[in-house]
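In what follows, a structure is listed as structure tokens, so that the remarks can point back to it.
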Amino acid sequence: MMKNLIIVESPAKARTIKNFLGKDYDVIASKGHIRDLPKTSFGIKIENDEFIPEYRVSADHSKIVKEIKELAKSADAIYLATDEDREGEAIAYHIANAIGKKAQSLPRIVFHEITKNAINKALQNPRIIDMDSVNAQQARRLLDRIVGYKLSPLLSQKIQKGLSAGRVQSAALKIIVDREREIRAFVPVKYYSIDTVFKKDIDAELVKFENQKIEKLTITNAERAEYIVSTLKSEKFSVSDLISKQRKTQPNPPFMTSTLQQSASNALGFSPKKTMMLAQSLYEGVQTHEGFMGAITYMRTDSLNIAAEAISAARELIESEFGADYLPPKPNYYSTSSKGAQEAHEAIRPTNLVFTPEIAARFLEKDLLKLYTLIYNRFLASQMSACVSETQTLVITSQSAELKVGGKKVLFDGFYKVYGDMDKDKLLPNLNIGDELSLQSLKASEHFTEPPTRYSEAGLVKKLESLGIGRPSTYAPTISLLTSRDYVRVEKKQLVPNEVAFDMIDMLEKHFSNIVDSDFTSNLEQTLDKIAEAKANWQEVLNDFYHPFMERIKHGKTDIKSLKVATPIGEKCPECGGELVKRKGRFGEFVACSNFPKCKYSRNIKSQSEEQGSQKPQKELVTIEAPCPKCGGEIVQRFSRRGKFYGCKNYPKCDFISNYEPVVEACPECGGRMVKKELKRGTFHECVECKFKQPLGEQ
């Protein structure tokens, strides 16, 4: 009886494939890379400008290698079935070498989904290992080892022990640090908006005044704002135009790795790392109503291609479930703008559209179901008709001003039918040209420009992709590395660099600018793509990088000034009487005893970011005439993330706060405390005790 051996990467994938095949097949998992560069040495021999990697079978893989060798001895055919990307190609290459076989002597099978049909089709169409892809992966691995092994010790020597540098990691860290520099350098600008509401709660935007176009920062002083308000209050308004336009909104393409990570973050609150772990499980196999199988296609992809049979299945389902109106005349095809996208791959999609989210809810745990539903709906929607809506613009004019009110009416929901969350219509009131409108409220509001926001994990993935830094398989690991090494911390879902990150990037910018330069890193990624396409020689690429880089390392050892110098601060240690010095740590500067490690006294110093707080604009404290009802002190206007509020100036001794401005006058009904309220329907005083209301201007 013939016996065939299939070698895959993960045990989950092995179990799924074994379910599809008979007793003639053994399926075993290599559990990832079974050979790699050694962890305790450089591991690259350089002879006559040739880079020779010294691969080793790791200790934790020696047992599995022995098992594969034993099964290989009795196998009539050995199939290498690792993932179809460079990493998978390299793993297949190393498996062949580790079991004593010539790499290109073993049949290599590939598939984008783990289903019975896909596996059988792959077995009928084997190929050989693509050595160009293997060499591209080797070039990447050796480049990363050169940077990490040669540059990291220099960072540790000059800045702080235990630091590491990486080719993609350092470029990503610079992006985060540059954004934080922008935030710290930000100077808020005061501006005013003219908030206009016509009767029947019609909110209008002032777009022109005295023939001047009004934009966000057009009105920058209170006098001008008050002049506009007083002018408009004296004028009459009427409808001068009604503009209606039809608009088509096309569906988004199916997911690729980067967009899946971004959408899962925004819609589900998943980190890129969690998203990829869940997607891996869905790809490798889950229990379905039709048995155990892969529920989605390969999740590390930068392609938007879709198999013809998948498009056909989607179109059949759309027509039967939603009707012919929701099916475009021709299939929707998409192409990616990602640099170096591997178009031979597929986008991320369900493998079986019959396995609907409703059915999946019986088999998948909560988070797996959420991600599967996201992928399923996105793919189905991508093959549906566009949404058709009518945009409406109401133009209102007076003698000196022009205002606009926008509305929208959905005429056909199209692909939104899948999501069930189409935005509600915003219908304008039934008005005609020439109709007069009366003001309901009109005021000038003070604002301050906000600093740029920090990157979220999803935002950083989007930025890396747009710059061509890294590839689908590197996004999540890069972010995990930055956070695990404490170069970056996550606060309220935003990436905040720790102080050591600034020192690292400062040094790299001055002495190793190419390592943190996004263009250089992107170009290097494109060079790796050329190696995979047999358009560049991997040894030449390594040589071109290595020698100039090592020259800079050599000069850096003597030319770069150390930041480890401890600076005396003129104080004595309260514990041992020794001299206190200022040192730099991973989270910024701190004070410690010079007798360390004998004396372990230390204390923190507030970093610049802590001193600046959230970097929100610092507005002047405006004093309100009314006294504090708790202590009689002054009431001041303050600002928080939620907006304006009023509090006692004696805080924290007095903790009085109010969302509304206190006023001096007592309530004429009960003598209670009154506050000023500004709402769309007008401004008035209200008693906090009996709720008596008095419109402003009335006595």
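Chains: A, B, ... in order of the structure tokens. Residues: from 1 per chain. Ligands: from 1, in order shown.
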
Problem set entry | Shell around Glu571 of chain A at 12 Å using only C-alpha atoms, local window under 4 positions removed, as JSON, numbers by chain | {"A": [567, 575, 576, 577, 578, 579, 580, 581, 582, 591, 592, 593, 594]}

Selected residues written out, N, CA and C atoms, as an mmCIF file, in the first residue's frame:
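File written: again.cif
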```
data_model
loop_
_atom_site.group_PDB
_atom_site.id
_atom_site.type_symbol
_atom_site.label_atom_id
_atom_site.label_comp_id
_atom_site.auth_asym_id
_atom_site.auth_seq_id
_atom_site.Cartn_x
_atom_site.Cartn_y
_atom_site.Cartn_z
ATOM 1 N N THR A 567 24.539 62.787 35.801
ATOM 2 C CA THR A 567 24.773 64.198 36.122
ATOM 3 C C THR A 567 24.412 64.476 37.573
ATOM 4 N N GLU A 575 18.921 58.371 52.122
ATOM 5 C CA GLU A 575 19.075 57.068 52.767
ATOM 6 C C GLU A 575 20.510 56.790 53.225
ATOM 7 N N CYS A 576 21.521 57.186 52.395
ATOM 8 C CA CYS A 576 22.908 56.866 52.767
ATOM 9 C C CYS A 576 23.816 58.090 52.796
ATOM 10 N N GLY A 577 23.300 59.247 52.368
ATOM 11 C CA GLY A 577 24.110 60.468 52.371
ATOM 12 C C GLY A 577 24.987 60.629 51.156
ATOM 13 N N GLY A 578 24.942 59.662 50.228
ATOM 14 C CA GLY A 578 25.742 59.757 49.004
ATOM 15 C C GLY A 578 25.216 60.832 48.068
ATOM 16 N N GLU A 579 25.910 61.052 46.974
ATOM 17 C CA GLU A 579 25.518 62.078 46.012
ATOM 18 C C GLU A 579 24.409 61.553 45.098
ATOM 19 N N LEU A 580 23.379 62.371 44.916
ATOM 20 C CA LEU A 580 22.310 61.998 43.993
ATOM 21 C C LEU A 580 22.668 62.464 42.587
ATOM 22 N N VAL A 581 22.374 61.608 41.604
ATOM 23 C CA VAL A 581 22.671 61.922 40.209
ATOM 24 C C VAL A 581 21.430 61.693 39.352
ATOM 25 N N LYS A 582 21.415 62.378 38.212
ATOM 26 C CA LYS A 582 20.318 62.205 37.261
ATOM 27 C C LYS A 582 20.751 61.204 36.197
ATOM 28 N N VAL A 591 16.130 60.186 39.219
ATOM 29 C CA VAL A 591 17.214 60.496 40.160
ATOM 30 C C VAL A 591 17.538 59.233 40.937
ATOM 31 N N ALA A 592 18.840 58.957 41.077
ATOM 32 C CA ALA A 592 19.263 57.763 41.813
ATOM 33 C C ALA A 592 20.520 58.085 42.609
ATOM 34 N N CYS A 593 20.813 57.226 43.556
ATOM 35 C CA CYS A 593 22.011 57.402 44.380
ATOM 36 C C CYS A 593 23.241 56.950 43.609
ATOM 37 N N SER A 594 24.329 57.722 43.716
ATOM 38 C CA SER A 594 25.572 57.379 43.032
ATOM 39 C C SER A 594 26.226 56.137 43.633
#
```

With 7 Å as the cut-off and only C-alpha atoms counted, what is the closest atom pair between each nearby residue of segment 335-378 of chain A and segment 278-296 of chain A? Distances in Å to one decimal, ordered by chain and number, as a tab-separated table.
```
residue	atom	partner	partner_atom	distance
A:Ile348	CA	A:Ile296	CA	6.6
A:Arg349	CA	A:Ile296	CA	5.5
A:Pro350	CA	A:Ile296	CA	4.3
A:Thr351	CA	A:Ile296	CA	5.0
A:Asn352	CA	A:Ala295	CA	6.9
A:Ala360	CA	A:Thr288	CA	6.9
A:Phe363	CA	A:Gln287	CA	6.2
A:Leu368	CA	A:Leu278	CA	6.0
```

What would the file look like if the residues just selected were written as a short mmCIF file (atom, residue, chain, number, x, y, z; two decimals), in the first residue's frame with C-alpha atoms?
```
data_model
loop_
_atom_site.label_atom_id
_atom_site.label_comp_id
_atom_site.auth_asym_id
_atom_site.auth_seq_id
_atom_site.Cartn_x
_atom_site.Cartn_y
_atom_site.Cartn_z
CA ILE A 348 -9.35 37.23 2.44
CA ARG A 349 -12.80 35.68 1.96
CA PRO A 350 -15.00 32.89 3.32
CA THR A 351 -14.26 29.48 1.81
CA ASN A 352 -17.92 28.41 1.94
CA ALA A 360 -21.45 29.96 12.35
CA PHE A 363 -20.01 26.62 16.19
CA LEU A 368 -14.02 34.15 16.21
#
```

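For segment 478-507 of chain A, backbone-based DSSP assignment of helix (DSSP H, G or I) covers Thr478, Ile479, Ser480, Leu481, Leu482, Thr483, Ser484, Glu499, Val500, Ala501, Phe502, Asp503, Met504, Ile505, Asp506 and Met507 of chain A.
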
Would you mind exporting C-alpha atoms of the selected residues as a JSON list (two decimals), in the first residue's frame?
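The resulting file, selection_25.json, is shown below:
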```json
[["chain", "number", "residue", "atom", "x", "y", "z"],
["A", 478, "THR", "CA", 6.44, 44.91, 14.54],
["A", 479, "ILE", "CA", 3.89, 46.61, 16.81],
["A", 480, "SER", "CA", 4.10, 43.76, 19.35],
["A", 481, "LEU", "CA", 7.88, 44.14, 19.44],
["A", 482, "LEU", "CA", 7.73, 47.89, 20.05],
["A", 483, "THR", "CA", 5.30, 47.48, 22.94],
["A", 484, "SER", "CA", 6.93, 44.39, 24.48],
["A", 499, "GLU", "CA", 11.45, 58.71, 26.53],
["A", 500, "VAL", "CA", 14.06, 56.14, 25.51],
["A", 501, "ALA", "CA", 12.47, 56.03, 22.05],
["A", 502, "PHE", "CA", 13.40, 59.69, 21.49],
["A", 503, "ASP", "CA", 17.03, 59.00, 22.40],
["A", 504, "MET", "CA", 17.13, 56.00, 20.08],
["A", 505, "ILE", "CA", 15.60, 57.83, 17.12],
["A", 506, "ASP", "CA", 17.79, 60.92, 17.71],
["A", 507, "MET", "CA", 20.90, 58.76, 17.52]]
```

For this session: Using atom CA of Asn332 of chain A and atom CA of Lys248 of chain A as the two end points, give the distance in Å to one decimal.
Result: 14.6 Å

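Proximity ranking of A:Ile433, A:Ala476, A:Ile219, A:Ala324 relative to Arg300 of chain A places A:Ala476 first, based on only C-alpha atoms.
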
Problem set entry | Top pick for closest residue to Thr297 of chain A, considering A:Glu346, A:Asp85, A:Asp486, A:Asp132 and counting only C-alpha atoms | A:Glu346

Problem set entry | Residues within 8 Å of segment 67-77 of chain A, only C-alpha atoms, excluding chain neighbours under 5 positions, as JSON, numbers by chain | {"A": [2, 3, 4, 5, 28, 99]}

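Excluding segment 621-625 of chain A itself and same-chain residues fewer than 4 positions from it, the residues having an atom within 6 Å of it are Ile635, Val636 and Gln637 of chain A, counting only C-alpha atoms.
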